[in-house]
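Heads up, the thing below is written out as structure tokens.
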Amino acid sequence: MTEVDLDKEKKAIAQEYKELLRISYQTLTDADKKIIRKAFDVAVDAHKDQRRKSGEAYIFHPIGVAKIVASEIGLGATSIAAALMHDVVEDTDITLQDIERMFNPKIAHLVEGLTKIAQVKKDMNISMQAENFRKMLLTLNDDVRVILIKLADRLHNMQTMDSMPDYKQVKIASETLYIYAPLAHRLGLYNIKTKLEDLGLKYTEPEVYTEIVSKIKETKEEQDAYIATISDVLKKSLNEEGVDYVMKGRPKSIYSIRRKMAAQNVTFDEVYDKFALRIIYKSNLHDEKFLAWKIYSIVTDHYRPSPSRLRDWISSPKSTGYEALHITVMGPKGRWVEIQVRSERMDEIAEKGYAAHYKYKQGATEESGLDTWLNLLKEALESSETNAVDFVEDFKMNLYAKEIFVFTPKGEIKSLPKGATSLDFAFSIHSEIGIKTRGTRVNGKLVPLNHELKSGDQIEIITSVHQKPTINWLDYVTTSRAKNKIRNVLNEDTKKIAEDGRELLTRKLKHLKITLNENVINEMVNFFKLKTSLDLFYRVGIGSIENQQLKDFAAQKSNTLMNFFKSKIKRSPSSNQEDINKQELNKNFDMLVFGTEQDKLDYKLSSCCNPIPGDDVFGFITINEGIKVHKKDCPNAITLQSNYAYRIMPAKWIDSSQQEFKAILKITGMDSLGLTNELTKVISNNMHVNIQSISLSGEAGIFNGQVAVVVQNNTILKKLIDNIKKIDGVDKVTRVYTN
């Protein structure tokens, strides 16, 4: 790099530092600025010889992360300093002791948490990402700011990922959509969540992303004009009423447009609420609610609201702390428009989440942010019984769950995820109450433990000291808190029964002249097709392994020759190349090739997305079924690519002339005479297409059909779909993926 360039770079770094101080959400004291300056100097010096893949100086990354921490998440000097130094311990000679000596234990503690996350070792037998995530969440027990800085780090990495190879971009983006975006959502950081989701889509489905972006640009002028029509009408009335407010148009995020298109099987033009209007008003705390409803009445004077889509999160805020009034009204030209009403305080909480909470809590400090949520999270983390992937799935389900609000017998309000049962409610009060639950009453009526609760229900729990959870209880609950607690209790009971079972088994085997040792235990686990020795002892303990079965085992054990063959079979792994099913190979090998070497391997097509030649696909190495091929836009792709990146294989079609594939088409339209006849004619007149099954139904003038066709490749299928669309009366033709 030339001298001039280095000077230019130094100036740019100094400029970034000034910008960092300027955009801080918290008011920085002189002492704060000193800490930040010192952290900045340490980071600049530590990273002076490092460059990023793009070629720029590495220091731009920690500064970028610190800027997100300061302005978008809104944390104070401690976190800004930790963000500046988040890679220092991992990448350079500086130690945590050095940081503690130069700064203070709190900053050193945050840097340590961030270093721990970065250093999780790769273990090929478990899902790397899930375990990584779990370890990351465990740092919450110490300080939630570690997670917040980690989110900023992830956002900055996503924003500067262009110079990375494709496969890395897809892995990091999948991971982001799988874990980091839901986490940002749960911490109330909606801006960051939206950015993470949009960037995640940009790298996992680039064509879809680009198409939506260009469509948004195309329609921007028309959208702006439409929003202006509505806002002009509302501004006039709001001004007359003396409301102090600002009004903004807010386009829907690219990711949520994509999600709507996929979920409802509609095109971009058919997504009706692609934008919302936001009214942010000034108010003191006392008048906030009154003013929100005043604005509601002004809006509904002009536009008819949809009563089923009114959301009042002012009276009952979401558990993330989000407060607002959402009204969906029928605007001009028969289009629905969402109008969000919130005060400046509510707006700040919606944008900054965690940080704004303590700003508005009288006398609260940065340390006392989202206490209730963090406590719930800690409880879920303390159960180490669950495996990491289940834990992440459970956690995510509770992250994204819509909420319901229910009441205790004394009238206290509790929030639970939608779908929660009366037993979930018992565990949400206290785990000891949950464990002892004998029955539940909802609104005065006795109901089963798996009764699904609705908002407004009042629940009373009937407990008994003799009650104990059973294995069925796991099917009665949906929250991870309840599941973890039930699992823990069941595990304790299982261990007790297993201890007794071991003694019993030792005695019974003695009669059969067999001594219980490690080898015998392993043989028995295999013989009874169990997973662990604990399963074996537990089954003996509860009596489900009977004496006759033990005699069978003893007889089989004496047949050593048989045993020798069994162990030989056991030892050959299922993925061994020699063990490939020859028939399958001969039939399929010329279709797909795998990996950079374009190897021809045995595989199965996944039933969740039914790939056919021409589709973009990847291979996934399963534990029992060899390679399974999925479409790149398969509903499960994000989970697989994020959780098991090391088991993903690139795959592509090279020749599809040897075999035919099934595709299912869903056809809807207006029921008219001769439509069925026309439809079958179009399909059978298409070369290389056979109808496998067809089911058609008409109801109240609407035609619904499902046709299973057999085609050779994607091109033929696309042509067929185009021809069906031309039939008079047909409204929509979509390809169906079975789960």
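Convention: chains lettered A, B, ... in structure tokens order; per-chain residue numbering from 1; ligands numbered from 1 as shown.
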DSSP-assigned alpha helix (DSSP H) among range 615-657 of chain A, expressed as a ChimeraX atom specification: /A:637-643
Report as a PyMOL selection string all protein, DNA and RNA residues lying within 6 Å of range 295-306 of chain A, evaluated on only C-alpha atoms, omitting residues in the same chain fewer than 2 positions from it. chain A and resi 292-293+308-309+328-330
Among range 261-505 of chain A, which residues carry a DSSP assignment of strand (DSSP E or B), reported as a PyMOL selection string?
chain A and resi 275-281+304-305+311-312+325-330+336-343+403-407+413-417+421+437-442+445-447+452+458-463
Writing out the chosen residues with N, CA and C atoms as a compact mmCIF listing (two decimals), in the first residue's frame:
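Result file again-v5.txt:
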# COMPACT_ATOMS: atom_id res chain seq x y z
N PHE A 275 -46.82 -1.82 2.62
CA PHE A 275 -46.33 -0.63 3.32
C PHE A 275 -47.29 -0.31 4.46
N ALA A 276 -46.80 0.48 5.38
CA ALA A 276 -47.65 0.91 6.49
C ALA A 276 -47.40 2.40 6.71
N LEU A 277 -48.33 3.02 7.37
CA LEU A 277 -48.16 4.43 7.70
C LEU A 277 -47.97 4.49 9.20
N ARG A 278 -46.98 5.25 9.64
CA ARG A 278 -46.71 5.30 11.08
C ARG A 278 -46.96 6.72 11.58
N ILE A 279 -47.78 6.83 12.63
CA ILE A 279 -48.02 8.15 13.23
C ILE A 279 -47.35 8.13 14.61
N ILE A 280 -46.34 9.00 14.79
CA ILE A 280 -45.61 9.05 16.06
C ILE A 280 -45.94 10.39 16.73
N TYR A 281 -46.55 10.30 17.92
CA TYR A 281 -47.04 11.54 18.53
C TYR A 281 -46.27 11.86 19.83
N ARG A 304 -62.56 3.03 6.84
CA ARG A 304 -63.23 1.95 7.57
C ARG A 304 -62.21 0.93 8.07
N PRO A 305 -62.20 0.66 9.42
CA PRO A 305 -61.20 -0.29 9.94
C PRO A 305 -61.67 -1.74 9.78
N ARG A 311 -54.90 -4.32 16.57
CA ARG A 311 -53.97 -4.86 17.57
C ARG A 311 -53.69 -3.78 18.61
N ASP A 312 -54.11 -4.06 19.85
CA ASP A 312 -53.89 -3.07 20.91
C ASP A 312 -52.77 -3.56 21.83
N LEU A 325 -50.46 0.80 18.70
CA LEU A 325 -51.82 0.50 18.27
C LEU A 325 -51.71 0.26 16.76
N HIS A 326 -52.10 -0.92 16.27
CA HIS A 326 -52.06 -1.18 14.83
C HIS A 326 -53.49 -1.25 14.30
N ILE A 327 -53.80 -0.41 13.34
CA ILE A 327 -55.15 -0.39 12.77
C ILE A 327 -55.02 -0.70 11.29
N THR A 328 -55.79 -1.66 10.78
CA THR A 328 -55.79 -1.90 9.33
C THR A 328 -57.08 -1.31 8.77
N VAL A 329 -56.92 -0.38 7.83
CA VAL A 329 -58.11 0.30 7.29
C VAL A 329 -58.21 0.11 5.78
N MET A 330 -59.42 0.28 5.26
CA MET A 330 -59.64 0.19 3.83
C MET A 330 -59.37 1.56 3.22
N TRP A 336 -56.14 -2.40 1.43
CA TRP A 336 -55.95 -2.35 2.88
C TRP A 336 -54.62 -1.67 3.21
N VAL A 337 -54.63 -0.83 4.24
CA VAL A 337 -53.39 -0.15 4.66
C VAL A 337 -53.28 -0.29 6.18
N GLU A 338 -52.07 -0.62 6.66
CA GLU A 338 -51.87 -0.71 8.10
C GLU A 338 -51.39 0.64 8.61
N ILE A 339 -52.02 1.11 9.68
CA ILE A 339 -51.58 2.38 10.29
C ILE A 339 -51.13 2.08 11.72
N GLN A 340 -49.88 2.43 12.02
CA GLN A 340 -49.33 2.16 13.35
C GLN A 340 -49.28 3.47 14.14
N VAL A 341 -49.85 3.42 15.32
CA VAL A 341 -49.90 4.63 16.15
C VAL A 341 -49.05 4.39 17.39
N ARG A 342 -48.04 5.23 17.60
CA ARG A 342 -47.26 5.08 18.84
C ARG A 342 -46.65 6.41 19.27
N SER A 343 -46.44 6.55 20.58
CA SER A 343 -45.84 7.79 21.11
C SER A 343 -44.34 7.75 20.84
N GLU A 403 -48.34 -14.15 21.10
CA GLU A 403 -48.66 -14.24 22.52
C GLU A 403 -50.16 -14.24 22.80
N ILE A 404 -50.52 -14.87 23.94
CA ILE A 404 -51.89 -14.71 24.45
C ILE A 404 -51.76 -14.17 25.87
N PHE A 405 -52.83 -13.55 26.35
CA PHE A 405 -52.80 -12.99 27.70
C PHE A 405 -53.90 -13.65 28.52
N VAL A 406 -53.51 -14.26 29.65
CA VAL A 406 -54.49 -14.98 30.48
C VAL A 406 -54.40 -14.46 31.92
N PHE A 407 -55.37 -14.89 32.74
CA PHE A 407 -55.44 -14.36 34.10
C PHE A 407 -55.32 -15.45 35.15
N ILE A 413 -52.45 -10.62 35.28
CA ILE A 413 -52.32 -10.99 33.87
C ILE A 413 -50.99 -11.69 33.62
N LYS A 414 -51.02 -12.74 32.80
CA LYS A 414 -49.79 -13.48 32.44
C LYS A 414 -49.74 -13.60 30.93
N SER A 415 -48.52 -13.49 30.36
CA SER A 415 -48.43 -13.69 28.91
C SER A 415 -47.82 -15.05 28.63
N LEU A 416 -48.41 -15.78 27.67
CA LEU A 416 -47.91 -17.11 27.28
C LEU A 416 -47.87 -17.17 25.76
N PRO A 417 -47.04 -18.07 25.18
CA PRO A 417 -47.07 -18.19 23.72
C PRO A 417 -48.39 -18.79 23.24
N THR A 421 -50.85 -24.56 26.85
CA THR A 421 -51.94 -25.33 27.46
C THR A 421 -52.08 -24.93 28.93
N THR A 437 -49.30 -30.52 39.61
CA THR A 437 -50.63 -30.24 39.05
C THR A 437 -51.44 -31.52 38.87
N ARG A 438 -52.65 -31.51 39.47
CA ARG A 438 -53.52 -32.68 39.34
C ARG A 438 -54.64 -32.41 38.34
N GLY A 439 -55.06 -31.15 38.30
CA GLY A 439 -56.13 -30.78 37.38
C GLY A 439 -56.13 -29.28 37.16
N THR A 440 -56.91 -28.82 36.16
CA THR A 440 -56.98 -27.37 35.91
C THR A 440 -58.41 -26.97 35.60
N ARG A 441 -58.78 -25.78 36.07
CA ARG A 441 -60.09 -25.21 35.74
C ARG A 441 -59.88 -23.97 34.89
N VAL A 442 -60.57 -23.90 33.76
CA VAL A 442 -60.50 -22.69 32.94
C VAL A 442 -61.88 -22.07 32.93
N LYS A 445 -64.53 -24.10 34.64
CA LYS A 445 -64.85 -25.46 34.19
C LYS A 445 -63.61 -26.35 34.24
N LEU A 446 -63.78 -27.59 34.70
CA LEU A 446 -62.67 -28.53 34.75
C LEU A 446 -62.27 -28.91 33.32
N VAL A 447 -60.98 -28.78 32.99
CA VAL A 447 -60.54 -29.11 31.61
C VAL A 447 -59.32 -30.03 31.68
N GLU A 452 -55.98 -26.19 25.26
CA GLU A 452 -55.30 -25.01 24.70
C GLU A 452 -55.98 -23.73 25.19
N GLN A 458 -59.32 -17.39 32.37
CA GLN A 458 -58.85 -17.32 33.76
C GLN A 458 -58.62 -18.76 34.23
N ILE A 459 -57.42 -19.04 34.73
CA ILE A 459 -57.06 -20.44 35.01
C ILE A 459 -56.78 -20.64 36.49
N GLU A 460 -57.33 -21.76 36.99
CA GLU A 460 -57.06 -22.13 38.39
C GLU A 460 -56.40 -23.51 38.37
N ILE A 461 -55.33 -23.66 39.13
CA ILE A 461 -54.58 -24.92 39.16
C ILE A 461 -54.92 -25.70 40.42
N ILE A 462 -55.23 -27.00 40.26
CA ILE A 462 -55.51 -27.86 41.42
C ILE A 462 -54.26 -28.73 41.61
N THR A 463 -53.65 -28.65 42.79
CA THR A 463 -52.40 -29.42 43.00
C THR A 463 -52.61 -30.54 44.01
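Minimum atom-to-atom distances from A:Asn191, A:Asn488, A:Gln15, A:Thr676 to Ser71 in chain A were compared using only C-alpha atoms, and the lowest value belongs to A:Asn191.
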Q.
I'd like to know which of A:Gln706, A:Lys666, A:Gly200, A:Asp602 is closest to Lys171 in chain A, using only C-alpha atoms.
A.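 Residue with the minimum atom-to-atom distance to Lys171 in chain A: A:Gly200.
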- prompt: For Asn517 in chain A, which residue among A:Lys529, A:Arg345, A:Arg258, A:Arg502 is the nearest when counting only C-alpha atoms?
  reply: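 Nearest to Asn517 in chain A: A:Arg502.
Among the candidates A:Gly76, A:Gly334, A:Pro62, A:Gly249, the residue lying nearest to Asn157 in chain A is A:Pro62 (atoms considered: only C-alpha atoms).
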inquiry  = Taking 5 positions as the minimum chain separation for residues in the same chain, which residues sit within 10 Å of Asp500 in chain A when counting only C-alpha atoms? Answer as an MDAnalysis selection string.
reply    = chainID A and resid 495 505 537:538 540:542
_Can you tell me which residues surround Ile63 in chain A at a distance of at most 12 Å, considering only C-alpha atoms, apart from same-chain residues fewer than 5 positions away, and format the answer as a PyMOL selection string?_
chain A and resi 12-21+36-37+39-41+43-44+47+57-58+68-70+80-87+149+152-153+156
I need the residues from that last selection saved to file as a short mmCIF file (atom, residue, chain, number, x, y, z; two decimals), in the first residue's frame (with N, CA and C atoms), if you can.
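Here's the written file again24.cif:
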data_model
loop_
_atom_site.label_atom_id
_atom_site.label_comp_id
_atom_site.auth_asym_id
_atom_site.auth_seq_id
_atom_site.Cartn_x
_atom_site.Cartn_y
_atom_site.Cartn_z
N ALA A 12 -9.54 8.22 7.35
CA ALA A 12 -10.85 7.54 7.35
C ALA A 12 -11.13 6.91 8.71
N ILE A 13 -10.08 6.34 9.34
CA ILE A 13 -10.25 5.71 10.66
C ILE A 13 -10.60 6.79 11.70
N ALA A 14 -9.89 7.93 11.64
CA ALA A 14 -10.15 9.03 12.58
C ALA A 14 -11.58 9.54 12.40
N GLN A 15 -12.00 9.62 11.15
CA GLN A 15 -13.35 10.09 10.80
C GLN A 15 -14.41 9.16 11.41
N GLU A 16 -14.16 7.86 11.27
CA GLU A 16 -15.09 6.85 11.81
C GLU A 16 -15.21 6.99 13.33
N TYR A 17 -14.08 7.26 13.99
CA TYR A 17 -14.07 7.41 15.45
C TYR A 17 -14.94 8.60 15.88
N LYS A 18 -14.78 9.74 15.17
CA LYS A 18 -15.59 10.94 15.48
C LYS A 18 -17.07 10.63 15.31
N GLU A 19 -17.36 9.94 14.21
CA GLU A 19 -18.74 9.56 13.89
C GLU A 19 -19.33 8.70 15.02
N LEU A 20 -18.50 7.79 15.55
CA LEU A 20 -18.92 6.89 16.63
C LEU A 20 -19.39 7.69 17.85
N LEU A 21 -18.62 8.69 18.23
CA LEU A 21 -19.00 9.51 19.40
C LEU A 21 -20.25 10.33 19.10
N ILE A 36 -13.69 5.22 25.88
CA ILE A 36 -13.87 4.83 24.47
C ILE A 36 -12.59 5.12 23.68
N ARG A 37 -11.97 6.29 23.95
CA ARG A 37 -10.74 6.65 23.23
C ARG A 37 -9.64 5.62 23.51
N ALA A 39 -10.01 2.49 24.49
CA ALA A 39 -10.35 1.21 23.84
C ALA A 39 -10.04 1.27 22.35
N PHE A 40 -10.35 2.42 21.76
CA PHE A 40 -10.09 2.63 20.33
C PHE A 40 -8.58 2.50 20.05
N ASP A 41 -7.76 3.16 20.91
CA ASP A 41 -6.30 3.12 20.71
C ASP A 41 -5.77 1.68 20.85
N ALA A 43 -7.42 -1.10 20.30
CA ALA A 43 -7.87 -1.88 19.14
C ALA A 43 -7.05 -1.53 17.90
N VAL A 44 -6.83 -0.24 17.66
CA VAL A 44 -6.07 0.18 16.47
C VAL A 44 -4.67 -0.44 16.51
N HIS A 47 -4.73 -4.41 16.08
CA HIS A 47 -5.08 -4.92 14.75
C HIS A 47 -4.28 -4.27 13.63
N ALA A 57 -8.38 -2.23 6.11
CA ALA A 57 -7.79 -2.43 7.44
C ALA A 57 -8.82 -3.10 8.35
N TYR A 58 -8.37 -4.06 9.17
CA TYR A 58 -9.28 -4.84 10.02
C TYR A 58 -10.03 -3.93 11.01
N ILE A 68 -22.80 0.27 15.60
CA ILE A 68 -24.13 -0.37 15.71
C ILE A 68 -24.54 -0.44 17.18
N VAL A 69 -23.58 -0.81 18.04
CA VAL A 69 -23.83 -0.91 19.49
C VAL A 69 -24.24 0.45 20.05
N ALA A 70 -23.57 1.51 19.58
CA ALA A 70 -23.80 2.86 20.12
C ALA A 70 -25.11 3.46 19.63
N ILE A 80 -19.61 -0.01 24.30
CA ILE A 80 -18.92 0.52 23.11
C ILE A 80 -17.44 0.12 23.18
N ALA A 81 -16.85 0.25 24.38
CA ALA A 81 -15.45 -0.11 24.57
C ALA A 81 -15.26 -1.62 24.31
N ALA A 82 -16.17 -2.44 24.85
CA ALA A 82 -16.06 -3.90 24.65
C ALA A 82 -16.21 -4.26 23.17
N ALA A 83 -17.10 -3.54 22.47
CA ALA A 83 -17.30 -3.81 21.04
C ALA A 83 -16.02 -3.49 20.26
N LEU A 84 -15.37 -2.38 20.62
CA LEU A 84 -14.13 -2.00 19.93
C LEU A 84 -13.05 -3.06 20.12
N MET A 85 -13.08 -3.72 21.29
CA MET A 85 -12.01 -4.69 21.58
C MET A 85 -12.49 -6.15 21.48
N HIS A 86 -13.63 -6.40 20.80
CA HIS A 86 -14.21 -7.74 20.88
C HIS A 86 -13.35 -8.84 20.23
N ASP A 87 -12.47 -8.46 19.30
CA ASP A 87 -11.61 -9.47 18.66
C ASP A 87 -10.16 -9.42 19.15
N ILE A 149 -23.89 -7.24 21.78
CA ILE A 149 -22.69 -6.89 20.99
C ILE A 149 -22.49 -7.96 19.91
N ALA A 152 -24.59 -7.18 17.03
CA ALA A 152 -24.01 -6.08 16.24
C ALA A 152 -22.88 -6.62 15.37
N ASP A 153 -22.08 -7.53 15.94
CA ASP A 153 -20.96 -8.14 15.22
C ASP A 153 -21.50 -8.90 14.00
N HIS A 156 -22.77 -6.48 11.27
CA HIS A 156 -21.68 -5.87 10.50
C HIS A 156 -21.05 -6.89 9.56
#
Practice prompt. Would you mind reading off the distance between CA of Ile683 in chain A and CA of Lys652 in chain A, one decimal, in Å?
Written response: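 Separating CA of Ile683 in chain A from CA of Lys652 in chain A is a distance of 28.0 Å.
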